[in-house]
>>> print(open('target-v6.tsv').read())   # TSV, C-alpha atoms
chain	number	residue	atom	x	y	z
A	1	MET	CA	0.00	0.00	0.00
A	2	LEU	CA	1.30	3.45	-0.92
A	3	ARG	CA	1.70	6.07	1.76
A	4	PRO	CA	0.69	9.68	1.10
A	5	LEU	CA	3.83	11.78	0.68
A	6	LYS	CA	4.39	15.45	0.07
A	7	PRO	CA	5.96	16.21	-3.31
A	8	TYR	CA	9.24	17.41	-1.79
A	9	GLN	CA	9.59	14.17	0.20
A	10	LEU	CA	9.30	12.06	-2.92
A	11	ILE	CA	11.73	14.34	-4.75
A	12	VAL	CA	14.27	14.03	-1.93
A	13	ASP	CA	14.02	10.21	-1.94
A	14	VAL	CA	14.47	10.00	-5.71
A	15	CYS	CA	17.41	12.43	-5.63
A	16	VAL	CA	19.16	10.44	-2.89
A	17	ALA	CA	18.66	7.24	-4.88
A	18	ALA	CA	19.98	8.95	-8.02
A	19	ILE	CA	23.09	10.17	-6.23
A	20	LEU	CA	23.77	6.69	-4.87
A	21	PHE	CA	23.31	5.19	-8.34
A	22	ALA	CA	25.75	7.75	-9.78
A	23	VAL	CA	28.32	6.71	-7.16
A	24	THR	CA	27.73	3.05	-8.04
A	25	LEU	CA	28.01	3.77	-11.75
A	26	SER	CA	31.27	5.66	-11.35
A	27	SER	CA	32.79	2.89	-9.23
A	28	THR	CA	31.63	0.21	-11.69
A	29	LEU	CA	33.01	1.98	-14.75
A	30	SER	CA	36.21	3.19	-13.15
A	31	PRO	CA	39.59	1.97	-14.55
A	32	ALA	CA	40.37	0.29	-11.23
A	33	SER	CA	37.20	-1.76	-11.56
A	34	PHE	CA	38.14	-2.90	-15.06
A	35	LEU	CA	41.64	-3.86	-13.91
A	36	ARG	CA	40.12	-5.84	-11.07
A	37	THR	CA	37.41	-7.63	-13.09
A	38	GLY	CA	39.01	-7.70	-16.51
A	39	ALA	CA	38.00	-6.16	-19.80
A	40	ASP	CA	35.34	-8.76	-20.52
A	41	GLY	CA	32.66	-6.50	-19.06
A	42	SER	CA	31.91	-8.68	-16.03
A	43	GLY	CA	32.10	-5.58	-13.84
A	44	LEU	CA	28.99	-4.21	-15.58
A	45	LEU	CA	26.97	-6.91	-13.82
A	46	GLY	CA	26.82	-4.58	-10.85
A	47	LEU	CA	24.59	-2.13	-12.76
A	48	PRO	CA	21.40	-4.24	-12.55
A	49	VAL	CA	22.00	-4.70	-8.84
A	50	GLY	CA	22.52	-0.95	-8.46
A	51	ILE	CA	19.32	-0.20	-10.36
A	52	VAL	CA	17.28	-2.56	-8.16
A	53	LEU	CA	18.70	-1.37	-4.82
A	54	CYS	CA	18.51	2.29	-5.79
A	55	GLY	CA	14.90	1.72	-6.87
A	56	ALA	CA	14.17	0.30	-3.40
A	57	LEU	CA	15.77	3.38	-1.87
A	58	ALA	CA	13.66	5.70	-4.06
A	59	ILE	CA	10.35	4.19	-2.94
A	60	ARG	CA	11.31	3.46	0.67
A	61	ARG	CA	8.92	6.01	2.20
A	62	LEU	CA	6.28	5.66	-0.49
A	63	SER	CA	5.87	1.93	0.21
A	64	PRO	CA	8.13	0.44	2.91
A	65	ALA	CA	6.85	-3.12	2.32
A	66	LEU	CA	7.51	-2.95	-1.41
A	67	ALA	CA	10.92	-1.36	-0.80
A	68	LEU	CA	11.84	-4.23	1.53
A	69	ALA	CA	10.84	-6.80	-1.09
A	70	VAL	CA	12.80	-5.00	-3.83
A	71	ALA	CA	15.85	-4.72	-1.54
A	72	TRP	CA	15.75	-8.48	-0.93
A	73	ALA	CA	15.51	-9.05	-4.68
A	74	GLY	CA	18.58	-6.87	-5.25
A	75	ALA	CA	20.57	-8.61	-2.52
A	76	LEU	CA	19.72	-12.06	-3.86
A	77	LEU	CA	20.60	-10.94	-7.39
A	78	GLN	CA	23.96	-9.68	-6.17
A	79	MET	CA	24.73	-13.01	-4.50
A	80	ALA	CA	23.51	-14.96	-7.54
A	81	LEU	CA	25.89	-12.99	-9.78
A	82	GLY	CA	28.76	-13.57	-7.35
A	83	LEU	CA	29.48	-9.88	-6.91
A	84	PRO	CA	31.45	-8.53	-3.94
A	85	PRO	CA	30.05	-5.86	-1.60
A	86	MET	CA	29.40	-2.56	-3.40
A	87	PRO	CA	28.65	1.04	-2.32
A	88	VAL	CA	25.03	0.59	-3.39
A	89	ASP	CA	24.56	-1.93	-0.58
A	90	VAL	CA	24.08	0.94	1.88
A	91	ALA	CA	20.58	1.27	0.43
A	92	VAL	CA	19.65	-1.73	2.58
A	93	PHE	CA	20.18	0.35	5.72
A	94	GLY	CA	17.81	3.05	4.46
A	95	VAL	CA	15.16	0.46	3.64
A	96	LEU	CA	15.41	-1.17	7.07
A	97	TYR	CA	15.10	2.25	8.69
A	98	VAL	CA	11.81	3.07	6.96
A	99	THR	CA	10.30	-0.36	7.63
A	100	ALA	CA	10.55	0.40	11.36
A	101	ALA	CA	9.74	4.13	11.11
A	102	TYR	CA	6.84	4.22	8.62
A	103	GLY	CA	5.81	0.66	7.82
A	104	SER	CA	2.81	-1.21	9.14
A	105	ALA	CA	3.16	-3.58	12.07
A	106	ALA	CA	3.75	-6.53	9.74
A	107	THR	CA	6.33	-4.57	7.71
A	108	MET	CA	8.05	-3.41	10.87
A	109	TRP	CA	8.52	-6.94	12.23
A	110	SER	CA	9.46	-8.18	8.76
A	111	GLY	CA	12.27	-5.64	8.79
A	112	LEU	CA	13.43	-6.92	12.17
A	113	ALA	CA	13.44	-10.50	10.92
A	114	SER	CA	15.23	-9.41	7.75
A	115	SER	CA	18.05	-8.00	9.90
A	116	PHE	CA	18.81	-11.40	11.42
A	117	VAL	CA	18.17	-13.38	8.24
A	118	GLY	CA	20.16	-10.91	6.15
A	119	ALA	CA	23.11	-11.18	8.52
A	120	GLY	CA	22.96	-14.94	8.05
A	121	PHE	CA	22.98	-14.59	4.25
A	122	ILE	CA	25.93	-12.20	4.41
A	123	THR	CA	27.88	-14.62	6.59
A	124	ALA	CA	27.09	-17.58	4.36
A	125	TYR	CA	27.97	-15.64	1.19
A	126	LEU	CA	31.23	-14.13	2.43
A	127	VAL	CA	32.52	-16.91	4.69
A	128	VAL	CA	30.79	-20.27	4.28
A	129	VAL	CA	30.78	-20.45	0.47
A	130	PRO	CA	34.47	-19.43	0.06
A	131	LEU	CA	35.52	-21.92	2.74
A	132	LEU	CA	33.65	-24.76	1.07
A	133	SER	CA	35.02	-23.81	-2.37
A	134	GLN	CA	38.61	-23.70	-1.12
A	135	GLY	CA	38.38	-27.16	0.33
A	136	GLY	CA	40.39	-28.29	3.33
A	137	SER	CA	39.74	-30.45	6.31
A	138	LEU	CA	36.43	-30.35	8.10
A	139	SER	CA	38.08	-29.24	11.36
A	140	SER	CA	39.76	-26.24	9.71
A	141	ILE	CA	36.49	-25.26	8.03
A	142	LEU	CA	34.66	-25.44	11.37
A	143	ASN	CA	37.36	-23.44	13.12
A	144	ASP	CA	37.22	-20.68	10.50
A	145	LEU	CA	33.45	-20.77	10.55
A	146	LEU	CA	33.23	-20.50	14.34
A	147	GLY	CA	35.83	-17.74	14.38
A	148	THR	CA	35.42	-15.49	11.34
A	149	GLY	CA	31.83	-16.54	10.62
A	150	VAL	CA	30.49	-15.76	14.08
A	151	LEU	CA	32.27	-12.40	14.21
A	152	LEU	CA	30.99	-11.47	10.75
A	153	TYR	CA	27.43	-12.50	11.68
A	154	ILE	CA	27.53	-10.39	14.86
A	155	ALA	CA	28.94	-7.39	12.99
A	156	ALA	CA	26.41	-7.66	10.15
A	157	ALA	CA	23.47	-8.19	12.52
A	158	PHE	CA	24.60	-5.23	14.65
A	159	ALA	CA	24.82	-2.93	11.62
A	160	LEU	CA	21.45	-3.98	10.22
A	161	LEU	CA	19.74	-3.85	13.62
A	162	LEU	CA	21.22	-0.40	14.23
A	163	ALA	CA	19.41	0.95	11.17
A	164	TRP	CA	16.18	-0.81	12.19
A	165	THR	CA	16.42	0.44	15.78
A	166	ALA	CA	16.93	4.02	14.60
A	167	GLY	CA	13.73	3.69	12.60
A	168	ALA	CA	11.88	2.24	15.60
A	169	LEU	CA	12.98	5.20	17.74
A	170	ALA	CA	11.80	7.60	15.03
A	171	ARG	CA	8.46	5.74	14.95
A	172	MET	CA	8.08	6.22	18.70
A	173	ALA	CA	8.90	9.93	18.38
A	174	LEU	CA	6.37	10.37	15.58
A	175	ARG	CA	3.71	8.52	17.56
A	176	ALA	CA	4.42	10.59	20.67
A	177	ARG	CA	4.12	13.78	18.62
A	178	ALA	CA	0.83	12.59	17.13
A	179	ASN	CA	-0.51	11.69	20.58
A	180	ARG	CA	0.56	15.05	21.94
A	181	ALA	CA	-1.11	16.86	19.04
A	182	ALA	CA	-4.31	14.83	19.56
A	183	GLN	CA	-4.25	15.61	23.27
A	184	GLN	CA	-3.77	19.31	22.57
A	185	ARG	CA	-6.67	19.27	20.11
A	186	ALA	CA	-8.87	17.49	22.63
A	187	GLU	CA	-7.93	19.97	25.36
A	188	ALA	CA	-8.59	22.90	23.03
A	189	GLU	CA	-11.98	21.46	22.02
A	190	ALA	CA	-12.88	20.84	25.66
A	191	ALA	CA	-11.87	24.38	26.62
A	192	ALA	CA	-13.85	25.81	23.70
A	193	GLU	CA	-16.88	23.71	24.63
A	194	GLN	CA	-16.61	24.80	28.25
A	195	GLU	CA	-16.40	28.42	27.16
A	196	ARG	CA	-19.42	28.02	24.87
A	197	VAL	CA	-21.42	26.46	27.68
A	198	ARG	CA	-20.43	29.26	30.05
A	199	ILE	CA	-21.37	31.96	27.56
A	200	ALA	CA	-24.65	30.22	26.76
A	201	ARG	CA	-25.39	29.98	30.49
A	202	ASP	CA	-24.66	33.68	30.98
A	203	MET	CA	-26.75	34.57	27.94
A	204	HIS	CA	-29.65	32.51	29.26
A	205	ASP	CA	-29.42	34.12	32.70
A	206	ILE	CA	-29.28	37.65	31.30
A	207	VAL	CA	-31.96	37.35	28.61
A	208	ALA	CA	-34.39	35.12	30.53
A	209	HIS	CA	-34.37	37.31	33.64
A	210	SER	CA	-34.61	40.58	31.74
A	211	LEU	CA	-37.41	39.39	29.49
A	212	ALA	CA	-39.34	38.02	32.47
A	213	VAL	CA	-39.20	41.43	34.15
A	214	VAL	CA	-40.09	43.24	30.91
A	215	ILE	CA	-43.07	40.95	30.27
A	216	ALA	CA	-44.34	41.30	33.83
A	217	GLN	CA	-44.05	45.09	33.68
A	218	ALA	CA	-45.66	45.29	30.25
A	219	ASP	CA	-48.62	43.14	31.32
A	220	GLY	CA	-49.07	45.16	34.51
A	221	ALA	CA	-48.95	48.45	32.61
A	222	ARG	CA	-51.44	47.20	30.03
A	223	TYR	CA	-53.95	46.12	32.68
A	224	ALA	CA	-53.45	49.26	34.78
A	225	ALA	CA	-53.72	51.67	31.84
A	226	ALA	CA	-57.41	50.92	31.45
A	227	SER	CA	-58.26	52.34	34.90
A	228	ASP	CA	-55.29	54.51	35.93
A	229	PRO	CA	-52.63	55.54	33.36
A	230	SER	CA	-50.22	56.90	36.00
A	231	PRO	CA	-48.49	53.57	36.85
A	232	ALA	CA	-47.70	53.07	33.17
A	233	GLY	CA	-44.87	55.61	33.33
A	234	ASP	CA	-43.17	53.77	36.19
A	235	ALA	CA	-43.59	50.46	34.38
A	236	LEU	CA	-42.10	51.86	31.19
A	237	GLN	CA	-39.20	53.28	33.18
A	238	THR	CA	-38.53	49.83	34.70
A	239	ILE	CA	-38.79	48.21	31.26
A	240	SER	CA	-36.34	50.75	29.83
A	241	SER	CA	-33.74	50.34	32.59
A	242	THR	CA	-34.01	46.54	32.54
A	243	ALA	CA	-33.66	46.40	28.77
A	244	ARG	CA	-30.68	48.75	28.83
A	245	THR	CA	-28.93	46.65	31.48
A	246	ALA	CA	-29.59	43.46	29.53
A	247	LEU	CA	-28.37	45.08	26.31
A	248	ALA	CA	-25.12	46.16	27.99
A	249	ASP	CA	-24.54	42.65	29.32
A	250	VAL	CA	-25.27	41.09	25.94
A	251	ARG	CA	-22.86	43.49	24.27
A	252	LEU	CA	-20.14	42.46	26.72
A	253	LEU	CA	-20.82	38.82	25.95
A	254	LEU	CA	-20.63	39.49	22.22
A	255	THR	CA	-17.34	41.31	22.77
A	256	GLN	CA	-16.06	38.24	24.57
A	257	LEU	CA	-17.08	36.08	21.62
A	258	ARG	CA	-15.25	38.33	19.17
A	259	HIS	CA	-12.14	38.85	21.30
A	260	SER	CA	-10.94	36.13	23.66
A	261	GLN	CA	-9.35	38.72	25.94
A	262	GLY	CA	-12.63	40.57	26.47
A	263	ASP	CA	-14.30	40.32	29.89
A	264	GLY	CA	-17.87	39.18	30.09
A	265	PRO	CA	-20.36	40.56	32.60
A	266	GLN	CA	-19.26	39.74	36.12
A	267	PRO	CA	-21.96	40.71	38.64
A	268	THR	CA	-21.07	40.86	42.33
A	269	LEU	CA	-23.00	40.89	45.58
A	270	ALA	CA	-23.33	44.66	45.25
A	271	ASP	CA	-25.56	44.09	42.22
A	272	LEU	CA	-28.04	41.99	44.19
A	273	GLU	CA	-29.95	45.06	45.38
A	274	GLY	CA	-30.56	46.05	41.77
A	275	LEU	CA	-31.75	42.51	41.04
A	276	TYR	CA	-34.14	42.62	44.00
A	277	ALA	CA	-35.40	46.04	42.90
A	278	ARG	CA	-36.23	44.81	39.40
A	279	VAL	CA	-38.11	41.83	40.81
A	280	ARG	CA	-40.10	44.05	43.20
A	281	ALA	CA	-40.79	46.47	40.35
A	282	ALA	CA	-42.39	43.58	38.48
A	283	GLY	CA	-45.03	43.43	41.21
A	284	VAL	CA	-43.62	40.56	43.24
A	285	GLU	CA	-43.58	40.78	47.02
A	286	LEU	CA	-39.98	39.81	47.74
A	287	SER	CA	-38.52	39.22	51.18
A	288	VAL	CA	-34.78	38.88	51.62
A	289	ASP	CA	-33.14	37.51	54.77
A	290	VAL	CA	-29.34	37.53	55.03
A	291	ASP	CA	-28.22	35.95	58.30
A	292	PRO	CA	-25.36	35.86	58.98
A	293	SER	CA	-23.83	38.40	56.61
A	294	PRO	CA	-20.42	37.77	54.97
A	295	SER	CA	-17.63	38.63	57.41
A	296	SER	CA	-15.24	39.47	54.54
A	297	ASP	CA	-15.31	40.04	50.82
A	298	PRO	CA	-16.07	36.61	49.25
A	299	PRO	CA	-14.17	35.45	46.17
A	300	GLY	CA	-15.36	37.00	42.92
A	301	ALA	CA	-16.18	33.62	41.41
A	302	LEU	CA	-18.41	32.78	44.36
A	303	GLN	CA	-20.16	36.14	44.13
A	304	LEU	CA	-20.87	35.47	40.46
A	305	ALA	CA	-22.25	32.00	41.23
A	306	VAL	CA	-24.53	33.34	43.99
A	307	TYR	CA	-25.77	36.17	41.79
A	308	ARG	CA	-26.53	33.93	38.80
A	309	ILE	CA	-28.29	31.27	40.89
A	310	LEU	CA	-30.45	33.91	42.59
A	311	GLN	CA	-31.13	35.58	39.25
A	312	GLU	CA	-32.33	32.36	37.65
A	313	ALA	CA	-34.32	31.28	40.71
A	314	LEU	CA	-36.13	34.65	40.84
A	315	THR	CA	-36.72	34.48	37.09
A	316	ASN	CA	-38.38	31.08	37.53
A	317	ALA	CA	-40.50	32.55	40.32
A	318	LEU	CA	-41.64	35.37	38.00
A	319	ARG	CA	-42.45	33.02	35.14
A	320	HIS	CA	-43.94	30.04	36.94
A	321	GLY	CA	-45.08	31.38	40.32
A	322	ASP	CA	-48.65	32.27	41.25
A	323	GLY	CA	-47.79	35.94	41.70
A	324	GLY	CA	-47.54	35.65	45.46
A	325	GLY	CA	-44.60	36.31	47.71
A	326	VAL	CA	-41.08	35.08	47.10
A	327	SER	CA	-38.60	34.56	49.93
A	328	VAL	CA	-34.81	34.63	49.66
A	329	ARG	CA	-32.56	33.41	52.46
A	330	LEU	CA	-28.78	33.75	52.49
A	331	ALA	CA	-26.51	32.42	55.22
A	332	TRP	CA	-22.78	33.22	54.98
A	333	LEU	CA	-21.21	30.67	57.30
A	334	ALA	CA	-17.53	30.22	58.11
A	335	ASP	CA	-16.83	27.67	55.39
A	336	GLU	CA	-19.86	27.79	53.08
A	337	VAL	CA	-22.76	29.88	51.91
A	338	ARG	CA	-26.32	28.56	51.87
A	339	LEU	CA	-29.08	30.10	49.83
A	340	GLU	CA	-32.74	29.29	49.41
A	341	VAL	CA	-35.40	30.77	47.13
A	342	ARG	CA	-38.99	29.73	47.74
A	343	ASN	CA	-42.16	30.75	45.90
A	344	ARG	CA	-45.68	29.39	45.66
A	345	VAL	CA	-46.85	27.73	42.41
A	346	PRO	CA	-50.37	27.77	40.96
A	347	ALA	CA	-52.71	25.03	42.13
A	348	GLY	CA	-52.47	21.95	39.94
A	349	ALA	CA	-49.16	22.96	38.40
A	350	THR	CA	-46.39	20.37	38.35
A	351	ALA	CA	-42.84	21.61	38.87
A	352	THR	CA	-40.24	18.96	38.21
A	353	GLY	CA	-37.09	21.04	38.50
A	354	ALA	CA	-35.74	19.63	35.21
A	355	GLY	CA	-35.85	22.75	33.01
A	356	HIS	CA	-32.90	24.46	31.37
A	357	GLY	CA	-32.76	27.11	34.06
A	358	VAL	CA	-32.50	24.55	36.87
A	359	ILE	CA	-29.84	22.66	34.89
A	360	GLY	CA	-27.85	25.88	34.51
A	361	MET	CA	-28.12	26.64	38.24
A	362	ARG	CA	-27.01	23.11	39.12
A	363	GLU	CA	-24.02	23.42	36.76
A	364	ARG	CA	-22.99	26.70	38.38
A	365	ALA	CA	-23.20	25.17	41.82
A	366	GLN	CA	-21.14	22.15	40.74
A	367	LEU	CA	-18.49	24.37	39.13
A	368	ALA	CA	-18.20	26.20	42.44
A	369	GLY	CA	-17.72	22.87	44.21
A	370	GLY	CA	-21.18	22.86	45.76
A	371	ARG	CA	-24.55	21.30	45.16
A	372	LEU	CA	-28.06	22.48	44.32
A	373	GLU	CA	-31.50	20.98	44.79
A	374	ALA	CA	-34.72	22.22	43.20
A	375	ASP	CA	-38.11	20.61	43.70
A	376	ALA	CA	-41.74	21.26	44.59
A	377	GLU	CA	-42.94	20.75	48.14
A	378	ASP	CA	-46.19	21.72	49.91
A	379	GLY	CA	-47.43	23.86	47.02
A	380	CYS	CA	-44.12	25.74	46.77
A	381	PHE	CA	-41.08	25.48	44.55
A	382	ALA	CA	-37.84	25.69	46.47
A	383	VAL	CA	-34.27	26.10	45.23
A	384	ARG	CA	-31.54	25.30	47.76
A	385	ALA	CA	-27.82	25.59	47.13
A	386	THR	CA	-24.73	25.11	49.26
A	387	LEU	CA	-21.43	26.54	47.96
A	388	PRO	CA	-18.05	26.21	49.70
A	389	LEU	CA	-16.07	29.37	50.37
A	390	VAL	CA	-12.62	27.77	49.97
A	391	GLN	CA	-12.82	25.94	46.63
A	392	ALA	CA	-14.85	28.46	44.70
A	393	GLU	CA	-11.97	30.63	43.54
A	394	SER	CA	-9.96	27.72	42.08
A	395	ARG	CA	-12.89	25.92	40.49
A	396	MET	CA	-14.53	28.92	38.83
A	397	LEU	CA	-11.47	30.42	37.15
A	398	PRO	CA	-12.11	30.71	33.40
A	399	ALA	CA	-10.13	28.51	31.05
A	400	THR	CA	-7.27	30.25	29.30
A	401	SER	CA	-6.62	29.97	25.62
A	402	GLY	CA	-3.72	30.54	23.29
A	403	ASP	CA	-1.21	28.53	25.26
A	404	GLU	CA	2.17	28.01	23.70
A	405	ARG	CA	2.62	24.73	21.91
A	406	ASP	CA	5.90	22.87	21.96
A	407	GLU	CA	7.26	22.18	18.54
A	408	ASP	CA	8.72	18.73	18.01
A	409	PRO	CA	11.94	18.91	15.98
A	410	LEU	CA	11.12	15.66	14.19
>>> encode(input="target-v6.tsv", output="structure tokens")
Amino acid sequence: MLRPLKPYQLIVDVCVAAILFAVTLSSTLSPASFLRTGADGSGLLGLPVGIVLCGALAIRRLSPALALAVAWAGALLQMALGLPPMPVDVAVFGVLYVTAAYGSAATMWSGLASSFVGAGFITAYLVVVPLLSQGGSLSSILNDLLGTGVLLYIAAAFALLLAWTAGALARMALRARANRAAQQRAEAEAAAEQERVRIARDMHDIVAHSLAVVIAQADGARYAAASDPSPAGDALQTISSTARTALADVRLLLTQLRHSQGDGPQPTLADLEGLYARVRAAGVELSVDVDPSPSSDPPGALQLAVYRILQEALTNALRHGDGGGVSVRLAWLADEVRLEVRNRVPAGATATGAGHGVIGMRERAQLAGGRLEADAEDGCFAVRATLPLVQAESRMLPATSGDERDEDPL
């Protein structure tokens, strides 16, 4: 099977093979070669071997398995022609390298086996065959074989395995780089998804609460205008201020979407009075009990979580309550803050606590390291949350983006 290569990679492989073939051609046609082999042209037998081995070198990264097979064919052809070692034989090392670096699992292990088997062929061709052809006693042949043959086998196997091992190390480096790149992509996708969820949660809190107040005020002004037009001005003023606040928050969120360094809306405990005022302006009788009060300035992340949970809970009370009173209780203890929002629901209504708003509140509580429960009981819908004071700052920090990536030199 052919591997996808970039054009420059294929050009480099072909050029390297061409250079090696030129070296082989010059050594084959040199005067020293003719003096050594005679003028009968027997030295030209090395050209077919050079063509085959250089061809294996040219396609080594394009198809490691095919390159290994072609290299074996060239080596066997060289031994069949009785040729001595030639410069073109170094192509075998390049082929063994790529079988371990880029080949499939079967090709990789075939390259390893070829290192041992090839060392055996080299030993047999250079030692065993000459010893048998020269004749001599069996003891002398065995002595030479155990001496020179074993040393040659070890040297050949070491050289071939060195090329294969270098390829295996390159394979490990490439795989580690691919795993690191995949991990970085997964982390980036997770951070982006977390940021999208956070922005969607903020958008839901801002728009849902503001629209609930606007709708309540608009309905109240419409009903009151028929008998007494004077409250309509106050209602329109509340609608205007609520809409302006929501628009400013939405603009900040959109700025954060366009520019990663932009800060989204970050309400604090100081903004709770404005939240309570908007709910009361919508005609809801709201009672707030804070006991005990915070002894110090809580972490900003915890203030945001408390504000958003109260905002969503009061929005649910405006949308799904029976119009009666709503109670808010806050208790700032030494190690945690407890909050509860309770409102009555219309008779016969079923509140399951499984809407998007409740899911968003529960997610905020979990991000702050706490827990949240929301359910109907005794004709009321109650939202209870417990948030720790210690872990909130570390858990609610926003994810950073644009981290520096290490570049692998391979």
>>> closest_residue(input="target-v6.tsv", among="A:Val326, A:Leu389, A:Val341, A:Leu160", to="A:Leu302", atoms="all atoms listed in the file")
A:Leu389
>>> closest_residue(input="target-v6.tsv", among="A:Leu45, A:Ala65, A:Ala105, A:Val95", to="A:Leu81", atoms="only C-alpha atoms")
A:Leu45
>>> closest_residue(input="target-v6.tsv", among="A:Trp164, A:Tyr153, A:Tyr125, A:Phe93", to="A:Thr107", atoms="all atoms listed in the file")
A:Trp164
>>> closest_residue(input="target-v6.tsv", among="A:Ala317, A:Ile122, A:Ala101, A:Met108", to="A:Leu76", atoms="all atoms listed in the file")
A:Ile122
>>> closest_residue(input="target-v6.tsv", among="A:Val345, A:Ala188, A:Val49, A:Leu169", to="A:Ala80", atoms="all atoms listed in the file")
A:Val49
>>> closest_residue(input="target-v6.tsv", among="A:Leu330, A:Val284, A:Arg319, A:Ala156", to="A:Val117", atoms="all atoms listed in the file")
A:Ala156
>>> build_atoms(input="target-v6.tsv", residues="stretch 300-317 of chain A", atoms="N, CA and C atoms", output="PDB file, in the frame of the given file")
ATOM      1  N   GLY A 300     -14.536  36.505  44.016  1.00  0.00           N
ATOM      2  CA  GLY A 300     -15.360  37.000  42.920  1.00  0.00           C
ATOM      3  C   GLY A 300     -16.117  35.900  42.209  1.00  0.00           C
ATOM      4  N   ALA A 301     -15.506  34.732  42.076  1.00  0.00           N
ATOM      5  CA  ALA A 301     -16.180  33.620  41.410  1.00  0.00           C
ATOM      6  C   ALA A 301     -17.393  33.174  42.206  1.00  0.00           C
ATOM      7  N   LEU A 302     -17.275  33.167  43.532  1.00  0.00           N
ATOM      8  CA  LEU A 302     -18.410  32.780  44.360  1.00  0.00           C
ATOM      9  C   LEU A 302     -19.515  33.816  44.297  1.00  0.00           C
ATOM     10  N   GLN A 303     -19.153  35.095  44.273  1.00  0.00           N
ATOM     11  CA  GLN A 303     -20.160  36.140  44.130  1.00  0.00           C
ATOM     12  C   GLN A 303     -20.926  35.990  42.826  1.00  0.00           C
ATOM     13  N   LEU A 304     -20.199  35.672  41.753  1.00  0.00           N
ATOM     14  CA  LEU A 304     -20.870  35.470  40.460  1.00  0.00           C
ATOM     15  C   LEU A 304     -21.822  34.291  40.529  1.00  0.00           C
ATOM     16  N   ALA A 305     -21.390  33.182  41.143  1.00  0.00           N
ATOM     17  CA  ALA A 305     -22.250  32.000  41.230  1.00  0.00           C
ATOM     18  C   ALA A 305     -23.510  32.307  42.030  1.00  0.00           C
ATOM     19  N   VAL A 306     -23.369  32.999  43.165  1.00  0.00           N
ATOM     20  CA  VAL A 306     -24.530  33.340  43.990  1.00  0.00           C
ATOM     21  C   VAL A 306     -25.477  34.245  43.224  1.00  0.00           C
ATOM     22  N   TYR A 307     -24.923  35.234  42.539  1.00  0.00           N
ATOM     23  CA  TYR A 307     -25.770  36.170  41.790  1.00  0.00           C
ATOM     24  C   TYR A 307     -26.554  35.436  40.695  1.00  0.00           C
ATOM     25  N   ARG A 308     -25.860  34.587  39.917  1.00  0.00           N
ATOM     26  CA  ARG A 308     -26.530  33.930  38.800  1.00  0.00           C
ATOM     27  C   ARG A 308     -27.584  32.931  39.286  1.00  0.00           C
ATOM     28  N   ILE A 309     -27.294  32.222  40.370  1.00  0.00           N
ATOM     29  CA  ILE A 309     -28.290  31.270  40.890  1.00  0.00           C
ATOM     30  C   ILE A 309     -29.519  32.023  41.389  1.00  0.00           C
ATOM     31  N   LEU A 310     -29.308  33.109  42.134  1.00  0.00           N
ATOM     32  CA  LEU A 310     -30.450  33.910  42.590  1.00  0.00           C
ATOM     33  C   LEU A 310     -31.204  34.518  41.423  1.00  0.00           C
ATOM     34  N   GLN A 311     -30.482  34.985  40.418  1.00  0.00           N
ATOM     35  CA  GLN A 311     -31.130  35.580  39.250  1.00  0.00           C
ATOM     36  C   GLN A 311     -32.038  34.577  38.551  1.00  0.00           C
ATOM     37  N   GLU A 312     -31.534  33.362  38.342  1.00  0.00           N
ATOM     38  CA  GLU A 312     -32.330  32.360  37.650  1.00  0.00           C
ATOM     39  C   GLU A 312     -33.492  31.880  38.523  1.00  0.00           C
ATOM     40  N   ALA A 313     -33.239  31.713  39.816  1.00  0.00           N
ATOM     41  CA  ALA A 313     -34.320  31.280  40.710  1.00  0.00           C
ATOM     42  C   ALA A 313     -35.441  32.309  40.759  1.00  0.00           C
ATOM     43  N   LEU A 314     -35.102  33.602  40.837  1.00  0.00           N
ATOM     44  CA  LEU A 314     -36.130  34.650  40.840  1.00  0.00           C
ATOM     45  C   LEU A 314     -36.827  34.743  39.486  1.00  0.00           C
ATOM     46  N   THR A 315     -36.085  34.494  38.407  1.00  0.00           N
ATOM     47  CA  THR A 315     -36.720  34.480  37.090  1.00  0.00           C
ATOM     48  C   THR A 315     -37.747  33.361  37.001  1.00  0.00           C
ATOM     49  N   ASN A 316     -37.414  32.186  37.510  1.00  0.00           N
ATOM     50  CA  ASN A 316     -38.380  31.080  37.530  1.00  0.00           C
ATOM     51  C   ASN A 316     -39.599  31.441  38.368  1.00  0.00           C
ATOM     52  N   ALA A 317     -39.374  32.148  39.487  1.00  0.00           N
ATOM     53  CA  ALA A 317     -40.500  32.550  40.320  1.00  0.00           C
ATOM     54  C   ALA A 317     -41.415  33.529  39.579  1.00  0.00           C
TER      55      ALA A 317
END
